[in-house]
Each structure stands twice: as structure tokens, then as C-alpha cells.
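The next block is structure33.json, given as JSON, C-alpha atoms and all ligand atoms.
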[["chain", "number", "residue", "atom", "x", "y", "z"],
["A", 44, "MET", "CA", 12.07, -18.23, -21.49],
["A", 45, "SER", "CA", 12.09, -15.61, -18.67],
["A", 46, "ARG", "CA", 8.88, -13.97, -17.59],
["A", 47, "ILE", "CA", 9.43, -10.21, -17.80],
["A", 48, "LEU", "CA", 6.79, -7.81, -16.45],
["A", 49, "THR", "CA", 7.45, -4.13, -17.12],
["A", 50, "VAL", "CA", 6.16, -2.27, -14.09],
["A", 51, "GLY", "CA", 5.40, 1.42, -13.56],
["A", 52, "ALA", "CA", 5.26, 2.78, -10.02],
["A", 53, "ALA", "CA", 3.09, 5.87, -10.50],
["A", 54, "GLN", "CA", 4.08, 8.12, -7.63],
["A", 55, "LEU", "CA", 1.67, 11.01, -7.01],
["A", 56, "GLY", "CA", 2.66, 14.42, -5.69],
["A", 57, "PRO", "CA", 0.41, 16.23, -3.24],
["A", 58, "ILE", "CA", -3.39, 16.33, -3.56],
["A", 59, "GLN", "CA", -4.88, 19.35, -1.82],
["A", 60, "ARG", "CA", -8.25, 19.22, -0.12],
["A", 61, "ALA", "CA", -9.83, 21.32, -2.89],
["A", 62, "ASP", "CA", -8.44, 19.15, -5.72],
["A", 63, "GLY", "CA", -11.44, 17.31, -7.17],
["A", 64, "ARG", "CA", -11.25, 13.66, -8.27],
["A", 65, "ALA", "CA", -11.48, 14.61, -11.95],
["A", 66, "ARG", "CA", -8.24, 16.60, -11.66],
["A", 67, "VAL", "CA", -6.50, 13.75, -9.88],
["A", 68, "VAL", "CA", -7.75, 11.16, -12.40],
["A", 69, "ALA", "CA", -6.40, 13.38, -15.20],
["A", 70, "ARG", "CA", -2.95, 13.26, -13.53],
["A", 71, "MET", "CA", -3.22, 9.48, -13.25],
["A", 72, "VAL", "CA", -4.25, 9.13, -16.91],
["A", 73, "GLU", "CA", -1.16, 11.14, -17.88],
["A", 74, "LEU", "CA", 0.98, 8.67, -15.89],
["A", 75, "ILE", "CA", -0.74, 5.79, -17.73],
["A", 76, "ARG", "CA", 0.08, 7.52, -21.04],
["A", 77, "GLN", "CA", 3.73, 7.72, -19.98],
["A", 78, "ALA", "CA", 3.61, 4.07, -18.86],
["A", 79, "LYS", "CA", 2.28, 3.06, -22.27],
["A", 80, "SER", "CA", 5.17, 4.84, -23.98],
["A", 81, "HIS", "CA", 7.58, 2.85, -21.79],
["A", 82, "GLY", "CA", 5.91, -0.46, -22.60],
["A", 83, "CYS", "CA", 4.55, -1.02, -19.08],
["A", 84, "ASP", "CA", 2.31, -4.06, -18.49],
["A", 85, "VAL", "CA", 1.05, -2.81, -15.10],
["A", 86, "VAL", "CA", 0.96, 0.54, -13.26],
["A", 87, "ALA", "CA", 0.61, 0.93, -9.49],
["A", 88, "PHE", "CA", -0.85, 4.00, -7.75],
["A", 89, "PRO", "CA", -0.52, 5.00, -4.05],
["A", 90, "GLU", "CA", -2.77, 4.45, -1.04],
["A", 91, "LEU", "CA", -5.90, 6.69, -0.92],
["A", 92, "ALA", "CA", -4.83, 7.97, -4.35],
["A", 93, "LEU", "CA", -8.00, 9.91, -5.20],
["A", 94, "THR", "CA", -8.05, 12.51, -2.43],
["A", 95, "THR", "CA", -5.87, 14.32, 0.05],
["A", 96, "PHE", "CA", -4.88, 12.23, 3.10],
["A", 97, "PHE", "CA", -8.00, 13.13, 5.10],
["A", 98, "PRO", "CA", -7.16, 11.21, 8.33],
["A", 99, "ARG", "CA", -4.92, 14.18, 9.16],
["A", 100, "TRP", "CA", -8.06, 16.02, 10.30],
["A", 101, "PHE", "CA", -10.53, 15.38, 13.14],
["A", 102, "MET", "CA", -14.04, 15.38, 11.63],
["A", 103, "GLU", "CA", -17.38, 14.48, 13.23],
["A", 104, "ASP", "CA", -19.80, 15.21, 10.40],
["A", 105, "GLN", "CA", -20.28, 11.81, 8.70],
["A", 106, "ALA", "CA", -21.30, 13.42, 5.40],
["A", 107, "GLU", "CA", -18.04, 15.39, 5.36],
["A", 108, "ILE", "CA", -16.05, 12.24, 6.17],
["A", 109, "ASP", "CA", -17.92, 10.25, 3.52],
["A", 110, "SER", "CA", -17.04, 12.88, 0.87],
["A", 111, "PHE", "CA", -13.56, 11.29, 0.84],
["A", 112, "PHE", "CA", -14.94, 7.77, 0.21],
["A", 113, "GLU", "CA", -15.89, 5.97, -3.03],
["A", 114, "ARG", "CA", -19.35, 4.35, -3.08],
["A", 115, "ALA", "CA", -18.72, 2.59, -6.39],
["A", 116, "MET", "CA", -15.54, 1.46, -8.13],
["A", 117, "PRO", "CA", -15.38, 2.37, -10.93],
["A", 118, "GLY", "CA", -17.62, 5.32, -10.21],
["A", 119, "PRO", "CA", -18.58, 8.31, -12.38],
["A", 120, "GLU", "CA", -15.26, 10.08, -11.72],
["A", 121, "THR", "CA", -12.97, 7.04, -11.84],
["A", 122, "ARG", "CA", -14.40, 5.38, -14.97],
["A", 123, "ALA", "CA", -12.01, 7.48, -17.10],
["A", 124, "LEU", "CA", -9.09, 5.79, -15.35],
["A", 125, "PHE", "CA", -10.41, 2.29, -16.05],
["A", 126, "GLU", "CA", -11.08, 3.23, -19.69],
["A", 127, "ALA", "CA", -7.61, 4.77, -20.23],
["A", 128, "ALA", "CA", -5.91, 1.71, -18.73],
["A", 129, "SER", "CA", -7.90, -0.89, -20.68],
["A", 130, "GLU", "CA", -7.46, 1.09, -23.93],
["A", 131, "ALA", "CA", -3.69, 1.04, -23.22],
["A", 132, "ARG", "CA", -3.93, -2.71, -22.36],
["A", 133, "ILE", "CA", -2.34, -1.92, -19.01],
["A", 134, "GLY", "CA", -3.37, -3.41, -15.67],
["A", 135, "PHE", "CA", -3.22, -1.25, -12.55],
["A", 136, "GLN", "CA", -3.36, -1.19, -8.77],
["A", 137, "LEU", "CA", -5.32, 1.58, -7.04],
["A", 138, "GLY", "CA", -5.74, 2.62, -3.42],
["A", 139, "PHE", "CA", -8.92, 4.37, -2.31],
["A", 140, "ALA", "CA", -11.32, 4.82, 0.62],
["A", 141, "GLU", "CA", -14.10, 2.25, 0.20],
["A", 142, "ARG", "CA", -17.65, 2.80, 1.54],
["A", 143, "THR", "CA", -19.74, -0.29, 1.07],
["A", 144, "GLU", "CA", -22.98, -1.82, 2.38],
["A", 145, "GLN", "CA", -22.17, -5.27, 3.78],
["A", 146, "GLY", "CA", -24.25, -7.42, 6.14],
["A", 147, "GLY", "CA", -26.95, -4.77, 6.30],
["A", 148, "ARG", "CA", -24.66, -1.99, 7.51],
["A", 149, "ILE", "CA", -22.24, 0.59, 6.11],
["A", 150, "ARG", "CA", -18.61, -0.49, 6.24],
["A", 151, "ARG", "CA", -15.61, 1.78, 5.58],
["A", 152, "PHE", "CA", -12.18, 0.43, 4.62],
["A", 153, "ASN", "CA", -8.80, 1.69, 3.40],
["A", 154, "THR", "CA", -8.79, -0.44, 0.24],
["A", 155, "ALA", "CA", -6.63, -1.37, -2.75],
["A", 156, "ILE", "CA", -7.71, -3.20, -5.91],
["A", 157, "LEU", "CA", -5.87, -5.01, -8.69],
["A", 158, "VAL", "CA", -7.40, -4.39, -12.15],
["A", 159, "ASP", "CA", -6.36, -6.49, -15.15],
["A", 160, "ARG", "CA", -5.74, -5.35, -18.75],
["A", 161, "ASP", "CA", -9.44, -5.77, -19.56],
["A", 162, "GLY", "CA", -10.50, -3.43, -16.72],
["A", 163, "ARG", "CA", -11.76, -6.33, -14.55],
["A", 164, "ILE", "CA", -11.15, -6.18, -10.77],
["A", 165, "ALA", "CA", -8.99, -9.27, -10.17],
["A", 166, "GLY", "CA", -8.21, -8.71, -6.47],
["A", 167, "ARG", "CA", -9.23, -6.59, -3.49],
["A", 168, "TYR", "CA", -7.41, -5.87, -0.21],
["A", 169, "ARG", "CA", -8.57, -3.93, 2.83],
["A", 170, "LYS", "CA", -5.87, -2.48, 5.09],
["A", 171, "ILE", "CA", -5.30, -4.52, 8.27],
["A", 172, "HIS", "CA", -2.64, -2.58, 10.18],
["A", 173, "LEU", "CA", -4.34, 0.78, 10.88],
["A", 174, "PRO", "CA", -1.81, 3.18, 12.48],
["A", 175, "GLY", "CA", -2.52, 6.27, 14.51],
["A", 176, "HIS", "CA", -5.43, 6.79, 16.93],
["A", 177, "ALA", "CA", -9.25, 6.92, 17.13],
["A", 178, "GLU", "CA", -9.88, 10.05, 19.24],
["A", 179, "HIS", "CA", -8.98, 13.70, 18.67],
["A", 180, "GLU", "CA", -5.51, 14.42, 20.02],
["A", 181, "PRO", "CA", -5.10, 18.21, 19.68],
["A", 182, "TRP", "CA", -1.52, 18.12, 20.96],
["A", 183, "ARG", "CA", -0.43, 16.73, 17.60],
["A", 184, "ALA", "CA", 0.70, 19.04, 14.76],
["A", 185, "PHE", "CA", -1.77, 16.98, 12.66],
["A", 186, "GLN", "CA", -4.00, 13.98, 13.38],
["A", 187, "HIS", "CA", -3.62, 10.42, 12.11],
["A", 188, "LEU", "CA", -7.16, 9.10, 12.57],
["A", 189, "GLU", "CA", -7.13, 5.89, 10.49],
["A", 190, "LYS", "CA", -8.40, 3.94, 13.53],
["A", 191, "ARG", "CA", -11.40, 6.32, 13.61],
["A", 192, "TYR", "CA", -12.36, 6.42, 9.93],
["A", 193, "PHE", "CA", -11.63, 2.81, 8.82],
["A", 194, "GLU", "CA", -12.45, -0.68, 10.03],
["A", 195, "VAL", "CA", -9.70, -3.29, 10.18],
["A", 196, "GLY", "CA", -9.66, -5.11, 6.84],
["A", 197, "ASP", "CA", -11.65, -8.36, 6.68],
["A", 198, "LEU", "CA", -10.14, -10.01, 3.60],
["A", 199, "GLY", "CA", -6.68, -11.02, 4.81],
["A", 200, "TRP", "CA", -3.73, -10.73, 2.41],
["A", 201, "GLY", "CA", -4.71, -12.56, -0.79],
["A", 202, "VAL", "CA", -2.53, -13.54, -3.74],
["A", 203, "TRP", "CA", -4.08, -13.70, -7.22],
["A", 204, "ARG", "CA", -2.78, -15.16, -10.48],
["A", 205, "THR", "CA", -3.24, -12.30, -12.94],
["A", 206, "MET", "CA", -1.22, -10.63, -15.72],
["A", 207, "GLY", "CA", 1.01, -13.72, -15.75],
["A", 208, "ALA", "CA", 2.17, -13.39, -12.13],
["A", 209, "ASN", "CA", 1.17, -14.25, -8.54],
["A", 210, "MET", "CA", 0.28, -10.75, -7.31],
["A", 211, "GLY", "CA", -0.50, -9.46, -3.83],
["A", 212, "MET", "CA", -1.21, -6.15, -2.11],
["A", 213, "ALA", "CA", -0.60, -4.45, 1.20],
["A", 214, "ILE", "CA", -1.15, -0.83, 2.27],
["A", 215, "CYS", "CA", 1.27, 1.58, 3.91],
["A", 216, "ASN", "CA", 1.67, 0.66, 7.60],
["A", 217, "ASP", "CA", 1.28, -3.04, 6.67],
["A", 218, "ARG", "CA", 4.78, -2.82, 5.13],
["A", 219, "ARG", "CA", 6.33, -2.31, 8.59],
["A", 220, "TRP", "CA", 5.10, -5.69, 9.87],
["A", 221, "PRO", "CA", 6.95, -8.84, 8.69],
["A", 222, "GLU", "CA", 3.82, -10.98, 9.06],
["A", 223, "THR", "CA", 2.28, -9.09, 6.13],
["A", 224, "TYR", "CA", 4.87, -10.37, 3.64],
["A", 225, "ARG", "CA", 5.08, -13.90, 5.05],
["A", 226, "VAL", "CA", 1.32, -14.52, 4.70],
["A", 227, "MET", "CA", 1.69, -13.70, 0.99],
["A", 228, "GLY", "CA", 5.03, -15.55, 0.78],
["A", 229, "LEU", "CA", 3.20, -18.67, 1.94],
["A", 230, "GLN", "CA", 0.92, -18.20, -1.11],
["A", 231, "ASP", "CA", 3.98, -18.14, -3.43],
["A", 232, "VAL", "CA", 3.63, -14.41, -4.20],
["A", 233, "GLU", "CA", 5.92, -12.99, -6.90],
["A", 234, "MET", "CA", 5.02, -9.27, -6.79],
["A", 235, "VAL", "CA", 3.51, -7.17, -4.00],
["A", 236, "PHE", "CA", 2.13, -3.65, -4.54],
["A", 237, "ILE", "CA", 2.24, -1.36, -1.50],
["A", 238, "GLY", "CA", 0.85, 2.16, -1.79],
["A", 239, "TYR", "CA", 1.63, 4.56, 1.06],
["A", 240, "ASN", "CA", 1.01, 8.04, 2.46],
["A", 241, "THR", "CA", 3.77, 8.56, 5.04],
["A", 242, "PRO", "CA", 4.06, 11.88, 6.85],
["A", 243, "ARG", "CA", 7.71, 12.71, 7.52],
["A", 244, "HIS", "CA", 6.86, 13.88, 11.03],
["A", 245, "ASN", "CA", 5.54, 11.29, 13.47],
["A", 246, "PRO", "CA", 4.25, 13.31, 16.47],
["A", 247, "PRO", "CA", 4.68, 10.52, 19.09],
["A", 248, "ALA", "CA", 8.30, 9.92, 17.99],
["A", 249, "PRO", "CA", 9.83, 13.00, 16.30],
["A", 250, "ASP", "CA", 13.33, 11.53, 16.64],
["A", 251, "HIS", "CA", 12.34, 8.96, 14.00],
["A", 252, "ASP", "CA", 11.61, 11.65, 11.37],
["A", 253, "ARG", "CA", 15.17, 11.83, 9.99],
["A", 254, "LEU", "CA", 15.09, 8.05, 9.38],
["A", 255, "SER", "CA", 11.80, 8.05, 7.37],
["A", 256, "GLU", "CA", 13.25, 7.05, 3.98],
["A", 257, "PHE", "CA", 15.70, 4.60, 5.60],
["A", 258, "HIS", "CA", 12.86, 2.82, 7.45],
["A", 259, "ASN", "CA", 10.70, 2.89, 4.33],
["A", 260, "GLN", "CA", 13.35, 1.07, 2.31],
["A", 261, "LEU", "CA", 14.54, -1.19, 5.13],
["A", 262, "VAL", "CA", 11.18, -2.88, 5.65],
["A", 263, "MET", "CA", 10.40, -3.34, 1.96],
["A", 264, "GLN", "CA", 13.89, -4.58, 1.06],
["A", 265, "ALA", "CA", 13.74, -7.06, 3.95],
["A", 266, "GLY", "CA", 10.24, -8.19, 2.98],
["A", 267, "ALA", "CA", 11.32, -8.70, -0.61],
["A", 268, "TYR", "CA", 14.44, -10.73, 0.22],
["A", 269, "GLN", "CA", 12.88, -12.84, 3.02],
["A", 270, "ASN", "CA", 9.97, -13.85, 0.80],
["A", 271, "ALA", "CA", 11.78, -13.89, -2.56],
["A", 272, "THR", "CA", 9.29, -11.47, -4.11],
["A", 273, "TRP", "CA", 9.28, -8.23, -6.08],
["A", 274, "ILE", "CA", 7.93, -5.28, -4.10],
["A", 275, "VAL", "CA", 6.61, -2.07, -5.64],
["A", 276, "GLY", "CA", 6.28, 0.73, -3.07],
["A", 277, "ILE", "CA", 4.35, 3.75, -4.36],
["A", 278, "ALA", "CA", 4.10, 7.06, -2.49],
["A", 279, "LYS", "CA", 1.63, 9.88, -2.48],
["A", 280, "CYS", "CA", 4.04, 12.59, -1.33],
["A", 281, "GLY", "CA", 5.06, 16.22, -1.13],
["A", 282, "VAL", "CA", 3.38, 18.89, 0.99],
["A", 283, "GLU", "CA", -0.38, 18.31, 1.32],
["A", 284, "GLU", "CA", -2.21, 21.02, 3.31],
["A", 285, "GLY", "CA", 1.05, 21.90, 5.05],
["A", 286, "CYS", "CA", 1.98, 18.31, 5.90],
["A", 287, "GLU", "CA", 5.04, 16.85, 4.15],
["A", 288, "MET", "CA", 4.88, 13.19, 3.11],
["A", 289, "ILE", "CA", 7.89, 11.22, 1.90],
["A", 290, "GLY", "CA", 8.34, 9.99, -1.68],
["A", 291, "ASN", "CA", 11.08, 7.37, -2.13],
["A", 292, "SER", "CA", 8.83, 5.20, -4.33],
["A", 293, "SER", "CA", 10.87, 2.08, -5.06],
["A", 294, "ILE", "CA", 10.82, -1.07, -7.17],
["A", 295, "ILE", "CA", 12.66, -3.78, -5.23],
["A", 296, "ALA", "CA", 13.85, -7.15, -6.55],
["A", 297, "PRO", "CA", 13.60, -10.50, -4.71],
["A", 298, "THR", "CA", 17.35, -10.10, -4.11],
["A", 299, "GLY", "CA", 16.49, -7.19, -1.83],
["A", 300, "GLN", "CA", 18.08, -4.67, -4.21],
["A", 301, "VAL", "CA", 16.37, -1.41, -5.14],
["A", 302, "VAL", "CA", 16.32, -1.48, -8.97],
["A", 303, "ALA", "CA", 14.50, 1.84, -9.53],
["A", 304, "GLN", "CA", 13.52, 4.75, -7.31],
["A", 305, "ALA", "CA", 11.74, 8.11, -7.54],
["A", 306, "LEU", "CA", 13.87, 11.27, -7.46],
["A", 307, "THR", "CA", 11.13, 13.81, -6.75],
["A", 308, "GLN", "CA", 8.22, 14.32, -4.36],
["A", 309, "ASP", "CA", 5.87, 14.93, -7.27],
["A", 310, "ASP", "CA", 3.99, 12.95, -9.94],
["A", 311, "GLU", "CA", 6.71, 10.64, -11.25],
["A", 312, "LEU", "CA", 6.63, 7.34, -13.12],
["A", 313, "VAL", "CA", 9.33, 4.90, -11.96],
["A", 314, "VAL", "CA", 9.82, 2.05, -14.48],
["A", 315, "ALA", "CA", 11.60, -1.31, -14.25],
["A", 316, "ARG", "CA", 11.68, -4.55, -16.23],
["A", 317, "CYS", "CA", 10.96, -7.19, -13.59],
["A", 318, "ASP", "CA", 12.03, -10.78, -14.27],
["A", 319, "LEU", "CA", 9.51, -12.79, -12.27],
["A", 320, "ASP", "CA", 11.88, -15.79, -12.14],
["A", 321, "VAL", "CA", 14.57, -13.92, -10.17],
["A", 322, "GLY", "CA", 13.00, -15.17, -6.93],
["A", 323, "LEU", "CA", 13.16, -18.83, -7.92],
["A", 324, "SER", "CA", 16.76, -19.47, -6.83],
["A", 325, "TYR", "CA", 15.89, -18.10, -3.35],
["A", 326, "LYS", "CA", 12.64, -20.11, -3.11],
["A", 327, "ARG", "CA", 14.62, -23.23, -4.02],
["A", 328, "SER", "CA", 17.46, -22.63, -1.52],
["A", 329, "THR", "CA", 17.67, -20.14, 1.32],
["A", 330, "PHE", "CA", 13.91, -19.54, 1.49],
["A", 331, "ASN", "CA", 12.61, -22.98, 0.63],
["A", 332, "PHE", "CA", 9.78, -22.59, 3.17],
["A", 333, "ALA", "CA", 8.63, -26.23, 3.02],
["A", 334, "ARG", "CA", 12.13, -27.48, 3.72],
["A", 335, "HIS", "CA", 13.38, -25.01, 6.32],
["A", 336, "ARG", "CA", 10.51, -23.39, 8.25],
["A", 337, "GLU", "CA", 9.55, -24.69, 11.72],
["A", 338, "PRO", "CA", 5.96, -23.45, 12.35],
["A", 339, "GLN", "CA", 5.68, -25.32, 15.67],
["A", 340, "ALA", "CA", 8.30, -22.86, 17.00],
["A", 341, "TYR", "CA", 6.37, -19.80, 15.83],
["A", 342, "ARG", "CA", 3.17, -20.16, 17.91],
["A", 343, "LEU", "CA", 3.75, -17.01, 19.97],
["A", 344, "ILE", "CA", 3.46, -14.94, 16.80],
["A", 345, "VAL", "CA", -0.21, -15.89, 16.46],
["A", 346, "GLU", "CA", -1.17, -16.52, 20.09],
["A", 347, "ARG", "CA", 0.25, -13.35, 21.70],
["A", 348, "LYS", "CA", -0.68, -9.75, 20.70],
["A", 349, "GLY", "CA", 1.58, -7.60, 22.87],
["A", 350, "ALA", "CA", 5.06, -8.33, 24.20],
["A", 351, "GLU", "CA", 5.29, -9.88, 27.69],
["A", 352, "PRO", "CA", 8.67, -9.60, 29.46],
["A", 353, "PRO", "CA", 10.33, -12.67, 31.04],
["A", 354, "GLN", "CA", 9.69, -13.41, 34.71],
["A", 355, "GLU", "CA", 12.37, -12.27, 37.19],
["A", 356, "THR", "CA", 14.68, -15.26, 37.78],
["B", 401, "LIG", "N1", 1.14, 6.04, 7.27],
["B", 401, "LIG", "C1", 2.31, 5.84, 8.03],
["B", 401, "LIG", "C2", 3.10, 4.58, 7.68],
["B", 401, "LIG", "O1", 3.03, 3.55, 8.33],
["B", 401, "LIG", "C3", 3.47, 6.14, 10.12],
["B", 401, "LIG", "C4", 2.10, 5.95, 9.51],
["B", 401, "LIG", "C5", 4.21, 7.27, 9.83],
["B", 401, "LIG", "C6", 4.02, 5.14, 10.90],
["B", 401, "LIG", "C7", 5.50, 7.42, 10.36],
["B", 401, "LIG", "C8", 5.29, 5.27, 11.45],
["B", 401, "LIG", "C9", 6.05, 6.40, 11.18],
["B", 401, "LIG", "O2", 3.89, 4.71, 6.75],
["B", 401, "LIG", "C10", 0.12, 5.21, 6.98],
["B", 401, "LIG", "N2", -0.87, 5.73, 6.20],
["B", 401, "LIG", "O3", 0.06, 4.06, 7.38]]
Take the structure in the file and give it back as C-alpha cells.
Amino acid sequence: MSRILTVGAAQLGPIQRADGRARVVARMVELIRQAKSHGCDVVAFPELALTTFFPRWFMEDQAEIDSFFERAMPGPETRALFEAASEARIGFQLGFAERTEQGGRIRRFNTAILVDRDGRIAGRYRKIHLPGHAEHEPWRAFQHLEKRYFEVGDLGWGVWRTMGANMGMAICNDRRWPETYRVMGLQDVEMVFIGYNTPRHNPPAPDHDRLSEFHNQLVMQAGAYQNATWIVGIAKCGVEEGCEMIGNSSIIAPTGQVVAQALTQDDELVVARCDLDVGLSYKRSTFNFARHREPQAYRLIVERKGAEPPQET
């Protein structure tokens, strides 16, 4: 008896600065309605799905910055999303900016949660790989101040047994680092949700721009195959406040194949029937970690942060 999970990647088109949360939640509820009509068991939304991608601006007024963060989840404006999903008996994954009081101080994270069919938060992840910079760099066409507005996540990459599968999460830049997938692979993950907001233009390396979708797929297809897991990549995309972000939302099988992909850079539900047992033949052969891995040879990966060239011989 195969274990089929019908998954909806709920890609979101642009959210402008003036678009309130209620308007965005209404768009998300419409995607849940579509997901219900396609028999989806779970729907995944992008990174920072409730607001425009605010790290593109340099801000110093903490109240203005905090206007992009959620103090409660669900909160007054997101409760409608939780209610729509639980009424539809659909679980979901949601990315948002989290402001929380922890250890007697305010902490701010780029967060994603996994919510089951009953509306219960089953898992939480806080983004670890924060790209960009911490200070204002006016030479850039737009800023990328994730290192200024968020702390590095403190939860690691967890894997939770929920909705009949071993599910994990990562966020955007995490998908470019192989360690992200392997930490979850070592927890026998079967499906990883990765929301992203990826500007097409990368000011420090404009020659990479034309390869944006290729790199997006390359890293997720590799991560899926090398860890025998499904990967659901979900974009917030289109032109937000003059800044284009790529779509290319994809549902990728443990074989490494893209089984479904978005066609637009707008709100678009991408659906696939995912057989959770497809990864088994890989976990039992090529990627039988217990049989084939040699951790004693991998120490540099943990002990060294930056690359150090060989000594002159
Ligand atoms: N965005 C981008 C990402 O990793 C980026 C940052 C853009 C990196 C282009 C490299 C090239 O997809 C976020 N939010 O991490």
C-alpha cells in the first residue's frame, strides 16, 4: 500500500508594501480553496508570505521594522488562514517574520511553521543561512538586509512526523547549502518545504542573474536526490516595489526529477501526487547512509568555516 500525499505548492505573486495582511490572507485562502478542489492533503506557502520582502529597504525606526513582523501566530489577521485550512482538513506550511520574547529579550527570526490538519503547529524552523548584509549599502539597486533584521535561527533543522510523513523545512538561502538537506536526511526526512523570495538581480554578482532559475532548480534537485527526499520549493515572485523575484516553484521527487512546476510569476497552485515511498529504493542502495557514509572523513565540514588554500609546496 503506497503512501500518497497530494501536495499543493501555493506560489504567491507580488505583495506590495501597501497590501495589508488581510488582503494577502484572502489570496492564500483562495489557494487553499483551489487545493481542496484538487484533493490536496497539505499546502505550502513561501518565505515571509504575509508582507512584501522588506529587507530590500534600509530602515532604522524599529517600530517601522516591527510592522513587518508577527507577534502572535495565529494572530488576529492570520486566524482566518488557520480556520480555512482546518475546515478544509488541509495542513500547511507558512513563512513569516517572527517577533518573540525569549530569555527576557525581543528576538526576531525569519521563520516557517508546519501546521497539521487540526490547525496545530507541529513544527517550527528559524532561518539559519541569512544572506545579504547588515549595514546600508547605497551602491546597490536595492538592499538585502536579512543579516540586519533577523537573528540566525536557533532551532536547527528539525524533522517531524506529521500528516503521515517525516517532514522538514528550510528557508530560501538555506537551499543553496548542501549541509541543510543532509542534516534532515540524517533524520530520515521524506518531504522538505522550502519557501523563497529570490530577487533575479544579485547586485554583488550581476552575471549570475541569467542563471537564477537554473541555480534554483539545481540545488533543490541535487538536495532531493542526494537525500532521497521530496522537495517542495515555493516562491513569492513577480515585481514587488520595482524588484523582480523569480517564480519557478517546483515539486521535486527523490529521484531528482521535477514533477510539477509553476508557469507564471503570480498566485499559482502547483499540485502533485507524491508517493512517499519513492525514496526508499535510494535509501536502501545508493544513499544507504549507515552503510556508505564515512563521517570521520568529513570533519573539515564542521570544524572549518571559510576555505583555506593549500600551502605552497
Ligand atoms: N534570497 C536569495 C536566495 O538565496 C540570493 C538571496 C539571491 C542569493 C540571488 C543568491 C543569489 O535565494 C533569500 N531570501 O535568501
Inset, instruction - Set the cut-off to 6 Å, count only C-alpha atoms and all ligand atoms, and list whatever residues fall near ligand LIG 401 (chain B) as a PyMOL selection string. - result: chain A and resi 174+215-216+239-242+245
Legend entry - Top pick for closest residue to Trp273 of chain A, considering A:Leu137, A:Met116, A:Leu55, A:Ile47 and counting only C-alpha atoms: A:Ile47
Inset, instruction - Using only C-alpha atoms, collect all residues at a distance of at most 9 Å from (9.9, -11.0, -2.3) as written in the file, then present them as a VMD selection string. - result: chain A and resid 224 228 232 to 235 263 to 274 295 to 299 322
Inset, instruction - Go through A:Val321, A:Ala350, A:Val86, A:Leu306 and flag the residue nearest Met206 of chain A, using all atoms listed in the file for the distances. - result: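 Of the candidates, the smallest distance to Met206 of chain A is held by A:Val86.
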Legend entry - Pick from A:Cys286, A:Lys279, A:Pro181, A:Asn291 nearest to His258 of chain A, counting only C-alpha atoms: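 The closest residue to His258 of chain A is A:Asn291.
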List as a short mmCIF file (atom, residue, chain, number, x, y, z; two decimals) with C-alpha atoms, keeping the file's coordinate frame the protein and nucleic acid residues near Ala140 of chain A, meaning an atom at most 8 Å away when all atoms listed in the file are counted, but skip any in the same chain fewer than 3 places from it.
data_model
loop_
_atom_site.label_atom_id
_atom_site.label_comp_id
_atom_site.auth_asym_id
_atom_site.auth_seq_id
_atom_site.Cartn_x
_atom_site.Cartn_y
_atom_site.Cartn_z
CA LEU A 91 -5.90 6.69 -0.92
CA PHE A 111 -13.56 11.29 0.84
CA PHE A 112 -14.94 7.77 0.21
CA GLU A 113 -15.89 5.97 -3.03
CA ARG A 151 -15.61 1.78 5.58
CA PHE A 152 -12.18 0.43 4.62
CA ASN A 153 -8.80 1.69 3.40
CA THR A 154 -8.79 -0.44 0.24
#
Legend entry - Option closest in space to Val226 of chain A, from A:Ala106, A:Ala305, A:Val345, A:Met288 [counting only C-alpha atoms]: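 Looking only at the distances to Val226 of chain A, the closest residue turns out to be A:Val345.
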Inset, instruction - Could you check which of A:Glu144, A:Asp310, A:Glu346, A:Asp159 is closest to Val67 of chain A, using all atoms listed in the file? - result: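 Of A:Glu144, A:Asp310, A:Glu346, A:Asp159, the one nearest Val67 of chain A, counting all atoms listed in the file, is A:Asp310.
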Legend entry - Given only C-alpha atoms as the counted atoms, nearest of A:Ser293, A:Leu157, A:Arg167, A:Glu284 to Phe257 of chain A: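 Ranking A:Ser293, A:Leu157, A:Arg167, A:Glu284 by distance to Phe257 of chain A, first place goes to A:Ser293.
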Inset, instruction - For the point (4.2, 0.7, -9.4) in the file's frame, write as a ChimeraX atom specification all residues with an atom no more than 6 Å away, counting all atoms listed in the file. - result: /A:50-53,86-87,275,277
Inset, instruction - One decimal, Å: what's the distance from atom CA of Gly199 of chain A over to atom CA of Gly290 of chain A, could you say? - result: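 So the answer is 26.6 Å.
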Legend entry - atom CA of Asp84 of chain A to atom CA of Arg160 of chain A, distance in Å rounded to a single decimal: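 Computing the Euclidean distance for atom CA of Asp84 of chain A and atom CA of Arg160 of chain A yields 8.2 Å.
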Inset, instruction - Excluding Leu254 of chain A and residues on its chain fewer than 6 positions from it, collect all residues at most 12 Å away from it, counting all atoms listed in the file, and give them as a list in words. - result: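 Once the adjacent positions are removed, what remains is Pro242, Arg243, His244, Asn245, Ala248, Gln260, Leu261 and Ile289 of chain A.
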Inset, instruction - Measure the distance from atom CA of Phe101 of chain A to atom CA of Glu180 of chain A in Å and round it to one decimal. - result: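 Spanning atom CA of Phe101 of chain A to atom CA of Glu180 of chain A is a straight-line distance of 8.6 Å.
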